[in-house]
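Enquirer: Okay, so here is upload.cif, and as you'll see once you scroll down, it has mmCIF, C-alpha atoms.
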```
data_target
#
loop_
_atom_site.group_PDB
_atom_site.id
_atom_site.type_symbol
_atom_site.label_atom_id
_atom_site.label_comp_id
_atom_site.auth_asym_id
_atom_site.auth_seq_id
_atom_site.Cartn_x
_atom_site.Cartn_y
_atom_site.Cartn_z
ATOM 1 C CA MET M 918 117.393 103.455 101.556
ATOM 2 C CA GLY M 919 117.301 104.645 105.159
ATOM 3 C CA ALA M 920 114.592 106.654 106.892
ATOM 4 C CA VAL M 921 114.195 110.308 105.927
ATOM 5 C CA ALA M 922 112.357 111.131 109.161
ATOM 6 C CA ALA M 923 112.277 109.662 112.644
ATOM 7 C CA PRO M 924 109.839 106.718 112.767
ATOM 8 C CA ARG M 925 106.609 106.926 114.755
ATOM 9 C CA THR M 926 105.214 104.164 116.958
ATOM 10 C CA TYR M 927 101.459 103.766 117.280
ATOM 11 C CA LYS M 928 99.129 101.714 119.425
ATOM 12 C CA LEU M 929 95.857 100.610 117.842
ATOM 13 C CA THR M 930 93.016 99.279 119.992
ATOM 14 C CA THR M 931 90.271 97.579 118.013
ATOM 15 C CA THR M 932 86.946 96.538 119.514
ATOM 16 C CA SER M 933 84.753 94.330 117.346
ATOM 17 C CA PHE M 934 81.301 92.850 117.709
ATOM 18 C CA MET M 935 79.636 90.586 115.176
ATOM 19 C CA ARG M 936 76.342 88.722 115.256
ATOM 20 C CA MET M 937 75.171 86.251 112.620
ATOM 21 C CA ASN M 938 71.672 84.989 113.380
ATOM 22 C CA GLU M 939 71.978 83.861 117.029
ATOM 23 C CA ALA M 940 75.775 83.482 117.117
ATOM 24 C CA GLU M 941 77.753 86.389 118.570
ATOM 25 C CA GLU M 942 81.450 87.184 118.831
ATOM 26 C CA HIS M 943 83.090 90.037 120.711
ATOM 27 C CA ASN M 944 86.804 90.768 120.851
ATOM 28 C CA VAL M 945 89.395 93.432 121.617
ATOM 29 C CA TYR M 946 92.688 93.563 119.706
ATOM 30 C CA HIS M 947 95.852 95.455 120.665
ATOM 31 C CA THR M 948 98.404 96.232 117.945
ATOM 32 C CA VAL M 949 101.650 98.174 118.292
ATOM 33 C CA ALA M 950 103.222 99.226 114.986
ATOM 34 C CA ARG M 951 106.089 101.363 113.774
ATOM 35 C CA GLN M 952 105.756 103.520 110.670
ATOM 36 C CA THR M 953 108.907 104.795 108.940
ATOM 37 C CA LEU M 954 109.063 107.260 106.067
ATOM 38 C CA LEU M 955 111.590 105.859 103.581
ATOM 39 C CA GLU M 956 111.200 108.244 100.665
ATOM 40 C CA ARG M 957 109.257 111.351 99.756
ATOM 41 C CA LYS M 958 108.967 111.407 95.961
ATOM 42 C CA PRO M 959 108.773 114.505 93.732
ATOM 43 C CA ASN M 960 105.184 113.661 92.720
ATOM 44 C CA ASN M 961 104.036 113.803 96.389
ATOM 45 C CA THR M 962 103.809 110.049 96.820
ATOM 46 C CA TYR M 963 105.638 108.168 99.566
ATOM 47 C CA ARG M 964 107.445 104.940 100.368
ATOM 48 C CA LEU M 965 106.757 103.757 103.903
ATOM 49 C CA SER M 966 107.667 100.843 106.098
ATOM 50 C CA ILE M 967 104.961 99.606 108.459
ATOM 51 C CA GLU M 968 106.120 96.993 110.959
ATOM 52 C CA VAL M 969 103.857 95.266 113.480
ATOM 53 C CA LEU M 970 105.783 95.041 116.750
ATOM 54 C CA SER M 971 103.116 93.216 118.743
ATOM 55 C CA PHE M 972 99.600 91.851 118.253
ATOM 56 C CA GLU M 973 97.392 90.558 121.072
ATOM 57 C CA PHE M 974 93.726 89.636 121.388
ATOM 58 C CA GLU M 975 91.621 89.249 124.512
ATOM 59 C CA ASN M 976 89.201 86.530 123.335
ATOM 60 C CA ARG M 977 91.401 83.601 122.338
ATOM 61 C CA THR M 978 89.379 82.119 119.496
ATOM 62 C CA PHE M 979 90.611 79.531 117.031
ATOM 63 C CA PHE M 980 90.224 81.899 114.098
ATOM 64 C CA ASN M 981 92.332 84.559 115.830
ATOM 65 C CA PHE M 982 95.202 82.116 116.288
ATOM 66 C CA LEU M 983 95.001 81.333 112.570
ATOM 67 C CA ALA M 984 94.972 85.049 111.732
ATOM 68 C CA ALA M 985 98.023 85.645 113.932
ATOM 69 C CA ASP M 986 99.890 82.833 112.163
ATOM 70 C CA LEU M 987 99.009 84.143 108.694
ATOM 71 C CA ASN M 988 99.882 87.700 109.727
ATOM 72 C CA GLN M 989 103.523 86.667 110.022
ATOM 73 C CA VAL M 990 103.595 87.164 106.268
ATOM 74 C CA SER M 991 102.486 90.810 106.425
ATOM 75 C CA ASN M 992 104.010 91.983 109.719
ATOM 76 C CA LYS M 993 106.564 94.094 107.865
ATOM 77 C CA LEU M 994 105.456 95.821 104.673
ATOM 78 C CA VAL M 995 107.156 98.311 102.410
ATOM 79 C CA ILE M 996 104.353 100.380 100.928
ATOM 80 C CA GLN M 997 104.028 102.812 98.058
ATOM 81 C CA THR M 998 101.239 105.358 98.570
ATOM 82 C CA ASP M 999 99.291 107.450 96.107
ATOM 83 C CA ILE M 1000 99.223 111.251 96.370
ATOM 84 C CA TYR M 1001 96.482 111.062 99.017
ATOM 85 C CA GLY M 1002 98.514 108.803 101.316
ATOM 86 C CA ARG M 1003 96.434 105.736 100.491
ATOM 87 C CA LEU M 1004 98.074 102.322 100.160
ATOM 88 C CA GLU M 1005 98.712 101.787 96.465
ATOM 89 C CA ARG M 1006 101.222 98.946 96.215
ATOM 90 C CA ILE M 1007 103.220 96.617 98.459
ATOM 91 C CA GLU M 1008 106.812 96.586 97.266
ATOM 92 C CA ASN M 1009 108.236 93.639 99.251
ATOM 93 C CA LYS M 1010 105.988 90.877 97.926
ATOM 94 C CA ASP M 1011 109.023 88.639 97.305
ATOM 95 C CA GLU M 1012 109.899 88.827 100.984
ATOM 96 C CA MET M 1013 106.291 88.043 101.949
ATOM 97 C CA LEU M 1014 106.288 84.986 99.683
ATOM 98 C CA ARG M 1015 109.577 83.745 101.156
ATOM 99 C CA THR M 1016 108.099 84.042 104.647
ATOM 100 C CA TRP M 1017 105.005 82.123 103.524
ATOM 101 C CA GLN M 1018 107.073 79.351 101.944
ATOM 102 C CA ARG M 1019 109.036 79.036 105.188
ATOM 103 C CA ILE M 1020 105.959 78.666 107.445
ATOM 104 C CA ARG M 1021 103.520 77.112 104.945
ATOM 105 C CA SER M 1022 103.842 73.425 105.805
ATOM 106 C CA GLU M 1023 103.751 74.085 109.552
ATOM 107 C CA VAL M 1024 100.642 76.289 109.302
ATOM 108 C CA ILE M 1025 98.786 73.866 107.024
ATOM 109 C CA LYS M 1026 99.574 70.947 109.334
ATOM 110 C CA LYS M 1027 98.398 72.924 112.361
ATOM 111 C CA TYR M 1028 94.993 73.735 110.854
ATOM 112 C CA GLU M 1029 94.378 70.954 108.317
ATOM 113 C CA LYS M 1030 91.569 69.416 110.379
ATOM 114 C CA TYR M 1031 89.614 72.656 110.197
ATOM 115 C CA TYR M 1032 90.582 74.342 106.911
ATOM 116 C CA PRO M 1033 90.973 72.665 103.507
ATOM 117 C CA LYS M 1034 94.198 73.012 101.564
ATOM 118 C CA ALA M 1035 92.276 75.194 99.074
ATOM 119 C CA PHE M 1036 91.998 77.892 101.765
ATOM 120 C CA PHE M 1037 95.787 78.157 102.022
ATOM 121 C CA ASP M 1038 96.213 77.908 98.253
ATOM 122 C CA ALA M 1039 93.896 80.932 97.933
ATOM 123 C CA PHE M 1040 95.959 82.813 100.526
ATOM 124 C CA GLU M 1041 99.131 82.101 98.564
ATOM 125 C CA GLN M 1042 97.418 83.181 95.350
ATOM 126 C CA SER M 1043 96.523 86.507 96.978
ATOM 127 C CA LEU M 1044 100.245 87.116 97.529
ATOM 128 C CA GLN M 1045 101.156 86.221 93.959
ATOM 129 C CA THR M 1046 98.383 88.066 92.100
ATOM 130 C CA GLU M 1047 99.170 91.697 91.310
ATOM 131 C CA GLY M 1048 97.198 94.062 93.544
ATOM 132 C CA LEU M 1049 95.042 91.402 95.232
ATOM 133 C CA PHE M 1050 96.554 91.410 98.728
ATOM 134 C CA GLU M 1051 96.525 95.216 98.673
ATOM 135 C CA LYS M 1052 92.764 95.168 98.141
ATOM 136 C CA THR M 1053 92.172 93.019 101.217
ATOM 137 C CA ILE M 1054 93.996 95.405 103.609
ATOM 138 C CA ARG M 1055 93.711 98.832 101.944
ATOM 139 C CA ASN M 1056 90.687 100.111 103.886
ATOM 140 C CA LYS M 1057 90.624 97.728 106.832
ATOM 141 C CA GLY M 1058 92.438 97.229 110.115
ATOM 142 C CA LEU M 1059 95.798 98.793 110.924
ATOM 143 C CA HIS M 1060 96.625 99.855 107.374
ATOM 144 C CA GLY M 1061 93.190 101.371 106.827
ATOM 145 C CA VAL M 1062 93.708 103.584 109.893
ATOM 146 C CA LEU M 1063 97.337 104.567 109.229
ATOM 147 C CA LEU M 1064 96.781 105.177 105.501
ATOM 148 C CA PRO M 1065 93.240 106.572 105.194
ATOM 149 C CA GLY M 1066 93.848 108.662 102.058
ATOM 150 C CA ILE M 1067 93.093 112.048 103.608
ATOM 151 C CA TYR M 1068 96.101 114.080 102.435
ATOM 152 C CA GLY M 1069 96.365 116.833 99.849
ATOM 153 C CA TYR M 1070 92.756 118.011 99.602
ATOM 154 C CA GLY M 1071 93.061 121.568 100.990
ATOM 155 C CA TYR M 1072 90.343 121.186 103.605
ATOM 156 C CA ALA M 1073 88.230 124.112 104.795
ATOM 157 C CA PRO M 1074 85.484 124.015 107.447
ATOM 158 C CA ASP M 1075 82.870 125.270 104.968
ATOM 159 C CA ALA M 1076 83.944 123.003 102.077
ATOM 160 C CA PRO M 1077 83.297 119.308 102.784
ATOM 161 C CA VAL M 1078 85.226 116.896 100.555
ATOM 162 C CA PRO M 1079 83.131 114.036 99.093
ATOM 163 C CA GLY M 1080 84.706 110.622 98.534
ATOM 164 C CA THR M 1081 84.138 106.911 98.114
ATOM 165 C CA ARG M 1082 85.737 103.873 99.692
ATOM 166 C CA VAL M 1083 85.391 100.115 99.208
ATOM 167 C CA LEU M 1084 86.047 97.542 101.930
ATOM 168 C CA GLU M 1085 86.959 94.511 99.848
ATOM 169 C CA GLN M 1086 85.633 91.080 100.861
ATOM 170 C CA PHE M 1087 83.797 92.564 103.820
ATOM 171 C CA ILE M 1088 81.374 89.641 104.095
ATOM 172 C CA ASN M 1089 82.942 86.614 102.428
ATOM 173 C CA HIS M 1090 83.439 87.742 98.806
ATOM 174 C CA VAL M 1091 80.972 90.668 99.000
ATOM 175 C CA ASN M 1092 82.444 94.189 99.186
ATOM 176 C CA LEU M 1093 81.120 97.062 101.312
ATOM 177 C CA PRO M 1094 81.127 100.357 99.342
ATOM 178 C CA LEU M 1095 80.819 103.631 101.251
ATOM 179 C CA GLN M 1096 80.223 107.251 100.316
ATOM 180 C CA THR M 1097 82.021 109.681 102.620
ATOM 181 C CA THR M 1098 82.243 113.372 103.440
ATOM 182 C CA THR M 1099 85.386 114.776 105.077
ATOM 183 C CA THR M 1100 85.361 118.144 106.865
ATOM 184 C CA ALA M 1101 88.006 120.169 108.710
ATOM 185 C CA VAL M 1102 86.836 121.009 112.243
ATOM 186 C CA GLU M 1103 87.783 123.791 114.608
ATOM 187 C CA ARG M 1104 91.322 123.201 115.837
ATOM 188 C CA GLN M 1105 91.839 122.435 119.521
ATOM 189 C CA LEU M 1106 95.594 123.056 119.547
ATOM 190 C CA PRO M 1107 97.941 125.176 117.391
ATOM 191 C CA ASN M 1108 99.692 123.353 114.544
ATOM 192 C CA GLN M 1109 97.148 120.540 114.559
ATOM 193 C CA LEU M 1110 94.559 119.808 111.901
ATOM 194 C CA ALA M 1111 91.472 117.809 112.854
ATOM 195 C CA LEU M 1112 89.324 116.102 110.234
ATOM 196 C CA GLU M 1113 85.944 114.430 110.662
ATOM 197 C CA VAL M 1114 84.537 111.858 108.253
ATOM 198 C CA THR M 1115 80.937 110.724 108.020
ATOM 199 C CA GLY M 1116 79.736 108.113 105.597
ATOM 200 C CA GLY M 1117 77.037 105.695 104.600
ATOM 201 C CA LEU M 1118 76.335 102.859 102.227
ATOM 202 C CA HIS M 1119 77.041 103.597 98.557
ATOM 203 C CA GLN M 1120 73.894 101.849 97.401
ATOM 204 C CA GLU M 1121 74.590 102.085 93.645
ATOM 205 C CA ALA M 1122 77.950 100.320 94.074
ATOM 206 C CA LEU M 1123 76.661 97.510 96.312
ATOM 207 C CA GLN M 1124 76.771 94.014 94.812
ATOM 208 C CA GLU M 1125 73.136 93.429 95.757
ATOM 209 C CA ASP M 1126 72.701 90.198 93.814
ATOM 210 C CA ASP M 1127 75.807 88.694 95.392
ATOM 211 C CA LEU M 1128 74.738 89.847 98.848
ATOM 212 C CA ARG M 1129 71.235 88.424 98.415
ATOM 213 C CA ARG M 1130 72.578 85.131 97.071
ATOM 214 C CA LEU M 1131 75.062 84.800 99.947
ATOM 215 C CA PHE M 1132 72.546 85.262 102.734
ATOM 216 C CA ARG M 1133 69.826 83.220 101.081
ATOM 217 C CA THR M 1134 72.270 80.339 100.653
ATOM 218 C CA MET M 1135 73.454 80.609 104.260
ATOM 219 C CA ALA M 1136 69.858 80.643 105.509
ATOM 220 C CA ASP M 1137 68.697 78.003 103.011
ATOM 221 C CA ASN M 1138 65.796 80.310 102.216
ATOM 222 C CA PRO M 1139 65.441 81.425 98.565
ATOM 223 C CA LEU M 1140 62.883 84.096 99.526
ATOM 224 C CA LEU M 1141 64.784 85.669 102.419
ATOM 225 C CA LYS M 1142 64.529 89.476 102.458
ATOM 226 C CA VAL M 1143 68.037 90.926 102.382
ATOM 227 C CA SER M 1144 68.906 94.637 102.651
ATOM 228 C CA MET M 1145 72.184 96.170 103.779
ATOM 229 C CA GLN M 1146 72.608 99.236 106.008
ATOM 230 C CA ALA M 1147 75.953 100.846 106.897
ATOM 231 C CA ASN M 1148 77.434 104.013 108.365
ATOM 232 C CA CYS M 1149 80.821 105.234 109.544
ATOM 233 C CA GLN M 1150 82.196 108.087 111.670
ATOM 234 C CA GLU M 1151 85.905 108.904 111.804
ATOM 235 C CA ARG M 1152 88.239 111.535 113.215
ATOM 236 C CA TYR M 1153 91.898 112.204 112.440
ATOM 237 C CA THR M 1154 94.308 114.586 114.143
ATOM 238 C CA LEU M 1155 97.399 115.545 112.139
ATOM 239 C CA ASP M 1156 100.557 117.486 112.911
ATOM 240 C CA GLU M 1157 100.068 120.350 110.479
ATOM 241 C CA THR M 1158 103.819 121.031 110.255
ATOM 242 C CA THR M 1159 105.005 117.505 109.404
ATOM 243 C CA GLY M 1160 101.811 115.833 108.184
ATOM 244 C CA TRP M 1161 102.227 112.916 110.584
ATOM 245 C CA LEU M 1162 99.079 111.311 111.942
ATOM 246 C CA LEU M 1163 98.841 111.904 115.710
ATOM 247 C CA GLN M 1164 95.539 110.245 116.627
ATOM 248 C CA ALA M 1165 92.701 108.561 114.801
ATOM 249 C CA GLU M 1166 89.346 106.989 115.508
ATOM 250 C CA GLN M 1167 87.147 104.972 113.166
ATOM 251 C CA ARG M 1168 83.679 103.579 113.855
ATOM 252 C CA LEU M 1169 81.881 101.375 111.355
ATOM 253 C CA LYS M 1170 78.505 99.679 111.662
ATOM 254 C CA ALA M 1171 77.035 97.425 108.980
ATOM 255 C CA GLU M 1172 73.985 95.195 109.205
ATOM 256 C CA VAL M 1173 71.436 93.150 107.380
ATOM 257 C CA PRO M 1174 68.493 93.661 109.775
ATOM 258 C CA GLY M 1175 67.471 90.532 111.613
ATOM 259 C CA ILE M 1176 70.347 88.459 110.225
ATOM 260 C CA TYR M 1177 73.747 90.107 110.464
ATOM 261 C CA HIS M 1178 75.305 92.877 112.567
ATOM 262 C CA ASN M 1179 78.939 94.042 112.533
ATOM 263 C CA GLU M 1180 80.478 96.900 114.543
ATOM 264 C CA VAL M 1181 84.162 97.840 114.592
ATOM 265 C CA HIS M 1182 85.828 100.613 116.583
ATOM 266 C CA HIS M 1183 89.504 101.544 115.982
ATOM 267 C CA ALA M 1184 91.336 103.953 118.317
ATOM 268 C CA LEU M 1185 94.894 104.930 117.333
ATOM 269 C CA GLU M 1186 97.349 106.913 119.443
ATOM 270 C CA THR M 1187 100.996 107.890 119.077
ATOM 271 C CA VAL M 1188 103.134 106.195 121.740
ATOM 272 C CA GLY M 1189 106.657 106.935 120.526
#
```
Mind turning the file's structure into structure tokens?
Expert:
Amino acid sequence: MGAVAAPRTYKLTTTSFMRMNEAEEHNVYHTVARQTLLERKPNNTYRLSIEVLSFEFENRTFFNFLAADLNQVSNKLVIQTDIYGRLERIENKDEMLRTWQRIRSEVIKKYEKYYPKAFFDAFEQSLQTEGLFEKTIRNKGLHGVLLPGIYGYGYAPDAPVPGTRVLEQFINHVNLPLQTTTTAVERQLPNQLALEVTGGLHQEALQEDDLRRLFRTMADNPLLKVSMQANCQERYTLDETTGWLLQAEQRLKAEVPGIYHNEVHHALETVG
């Protein structure tokens, strides 16, 4: 099925900073992607194509080269959304698996001195297991910015909309759950809707035992005090006539005081 609306091209600039104990890493990523509306369904869900046209990073680390190689598998996705515009299902998993089978031996050979075969087996399993790959990208990176699940709520400035969000496998296997509030703000231009999101740690949903076990094992200290803090601020500007996302900004900070600090800033703009 062809496009039912002209595609939009976006540029995403991501600045990240992470510190674990004394080790620090800072990087800036530049992604250009094209989003195409393939189908608007009667139940207000959508089929979309999201294609990464280019991906560059300023700090050329070994892990980023690995990520770029693995991203070949997901550089073109056909996505089914829910009624809120959130990524629900990837529909071209067969195509992703064929791409992985084509590059698998070359990628494993390239990194076998640094990553065990089990790492790549787990990556393949994430493609084959229903819903698993979706979890890893739903609220993170490019897809978390383009598909933030903000549609259909009937926003009003005096009626904030509460919500929850889970960033799967945020630190190793530990998820980061957030509680959010979304509010419409005073419009700057006609026919544009601006939304602001504020959020913090959803303490009741945090896997505290897993988090504590992870950091105590990493520090080799069974009595290490471990407590998580997190907050986010986001802003989205939408074309009120078409519903297309025009601009977006996401800021997330999460830390375990004295041990771990992670800050990510996404800035999205329409470029075509």
Enquirer: State, in Å with one decimal place, the distance from atom CA of M:Thr948 to atom CA of M:Tyr1031.
Expert: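 Value for the atom CA of M:Thr948-atom CA of M:Tyr1031 distance: 26.3 Å.
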Enquirer: I'd like the contact shell of M:Glu1166 - 7 Å cut-off, only C-alpha atoms, skipping same-chain residues fewer than 2 positions apart - returned as a list of chain:residue names.
Expert: M:Glu1151, M:Arg1152, M:Tyr1153, M:Arg1168, M:His1183, M:Ala1184, M:Leu1185
Enquirer: If the box runs along x, y and z of the file and leaves 8 Å on each side of stretch 1157-1172 of chain M, what are its centre and edge lengths in Å, one decimal, as AutoDock Vina command-line options?
Expert:
```
--center_x 89.5 --center_y 108.1 --center_z 112.4 --size_x 47.0 --size_y 41.8 --size_z 24.4
```
Enquirer: Counting all atoms listed in the file, which of M:Val949, M:Ile1176, M:Leu970, M:Ala1073 gets nearest to M:Arg1129?
Expert: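 Of the candidates, the smallest distance to M:Arg1129 is held by M:Ile1176.
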Enquirer: If the PyMOL selection byres ((chain M and resi 931) around 9) is run on the structure shown, which residues does it catch, given as a compact mmCIF listing (two decimals) with C-alpha atoms, in the coordinates of the input?
Expert:
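Produced file out.txt, reproduced below:
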```txt
# COMPACT_ATOMS: atom_id res chain seq x y z
CA LEU M 929 95.86 100.61 117.84
CA THR M 930 93.02 99.28 119.99
CA THR M 932 86.95 96.54 119.51
CA SER M 933 84.75 94.33 117.35
CA ASN M 944 86.80 90.77 120.85
CA VAL M 945 89.40 93.43 121.62
CA TYR M 946 92.69 93.56 119.71
CA HIS M 947 95.85 95.46 120.66
CA THR M 948 98.40 96.23 117.94
CA GLY M 1058 92.44 97.23 110.12
CA VAL M 1181 84.16 97.84 114.59
CA HIS M 1182 85.83 100.61 116.58
CA HIS M 1183 89.50 101.54 115.98
CA ALA M 1184 91.34 103.95 118.32
CA LEU M 1185 94.89 104.93 117.33
```
Enquirer: Within 7 Å of stretch 1075-1084 of chain M, counting only C-alpha atoms, which residues show up once you throw out same-chain ones fewer than 6 positions away? Write them as a count of residues only, please.
Expert: 11
Enquirer: Please list as a list in words every residue within 12 Å of M:Glu1008, counting all atoms listed in the file and excluding residues in the same chain fewer than 6 positions away.
Expert: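 Result of the neighbour search: Tyr963, Arg964, Leu965, Ser966, Ile967, Ser991, Lys993, Leu994, Val995, Ile996, Gln997, Thr998, Leu1014, Leu1044, Glu1047, Gly1048, Phe1050 and Glu1051 of chain M.
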Enquirer: Which is closer to M:Gln952 than all the others in M:Gln1045, M:Thr926, M:Thr1158, M:Gln1164, using all atoms listed in the file?
Expert: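 Result for the nearest residue to M:Gln952: M:Thr926.
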Enquirer: Looking at all atoms listed in the file, which of M:Asp1127, M:Glu1186, M:Glu942, M:Glu1041 is the one that sits closest to M:Met1013?
Expert: M:Glu1041
Enquirer: Would you work out the distance separating atom CA of M:Asn1138 from atom CA of M:Glu1125, expressed in Å to one decimal?
Expert: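 Separation of atom CA of M:Asn1138 and atom CA of M:Glu1125: 16.4 Å.
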Enquirer: What is the distance between atom CA of M:Leu1155 and atom CA of M:Arg1006, in Å to one decimal?
Expert: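 So the answer is 23.3 Å.
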Enquirer: Report as a list of chain:residue names all protein, DNA and RNA residues lying within 7 Å of M:Glu1157, evaluated on all atoms listed in the file, omitting residues in the same chain fewer than 2 positions from it.
Expert: M:Asn1108, M:Gln1109, M:Leu1110, M:Leu1155, M:Thr1159, M:Gly1160
Enquirer: Pick the closest to M:Leu983 from M:Ile1067, M:Val1024, M:Val969, M:Ile1054: which is it, counting all atoms listed in the file?
Expert: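 Among the listed residues, M:Val1024 lies closest to M:Leu983.
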Enquirer: Restricting the calculation to all atoms listed in the file, which member of M:His1119, M:Gln1146, M:Gly1002, M:Thr1187 is positioned closest to M:Pro1174?
Expert: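 With all atoms listed in the file as the atom set, the closest residue is M:Gln1146.
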Enquirer: Could you check which of M:Ala940, M:Ile1020, M:Val921, M:Leu1169 is closest to M:Ala1147, using only C-alpha atoms?
Expert: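 Of the candidates, the smallest distance to M:Ala1147 is held by M:Leu1169.
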Enquirer: List, as a PDB file with C-alpha atoms, keeping the file's coordinate frame, every residue that the PyMOL selection byres ((chain M and resi 1066) around 7) selects in the file provided.
Expert:
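Everything below was put into part-v1.pdb:
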```pdb
ATOM      1  CA  TYR M1001      96.482 111.062  99.017  1.00  0.00           C
ATOM      2  CA  GLY M1002      98.514 108.803 101.316  1.00  0.00           C
ATOM      3  CA  ARG M1003      96.434 105.736 100.491  1.00  0.00           C
ATOM      4  CA  LEU M1064      96.781 105.177 105.501  1.00  0.00           C
ATOM      5  CA  PRO M1065      93.240 106.572 105.194  1.00  0.00           C
ATOM      6  CA  ILE M1067      93.093 112.048 103.608  1.00  0.00           C
ATOM      7  CA  TYR M1068      96.101 114.080 102.435  1.00  0.00           C
TER       8      TYR M1068
END
```
Enquirer: Going by the chain IDs and residue numbers used in this file, which residues fall under the PyMOL selection byres ((chain M and resi 1130) around 12)? Write them as a PyMOL selection string.
Expert: chain M and resi 1089-1091+1124-1129+1131-1144
Enquirer: Find the residues near M:Leu987: any atom within 12 Å, counting all atoms listed in the file, skip ones fewer than 6 places away on the same chain, and give them as number ranges by chain.
Expert: M: 980-981, 1013-1014, 1016-1021, 1023-1025, 1027-1028, 1036-1037, 1040-1041, 1044
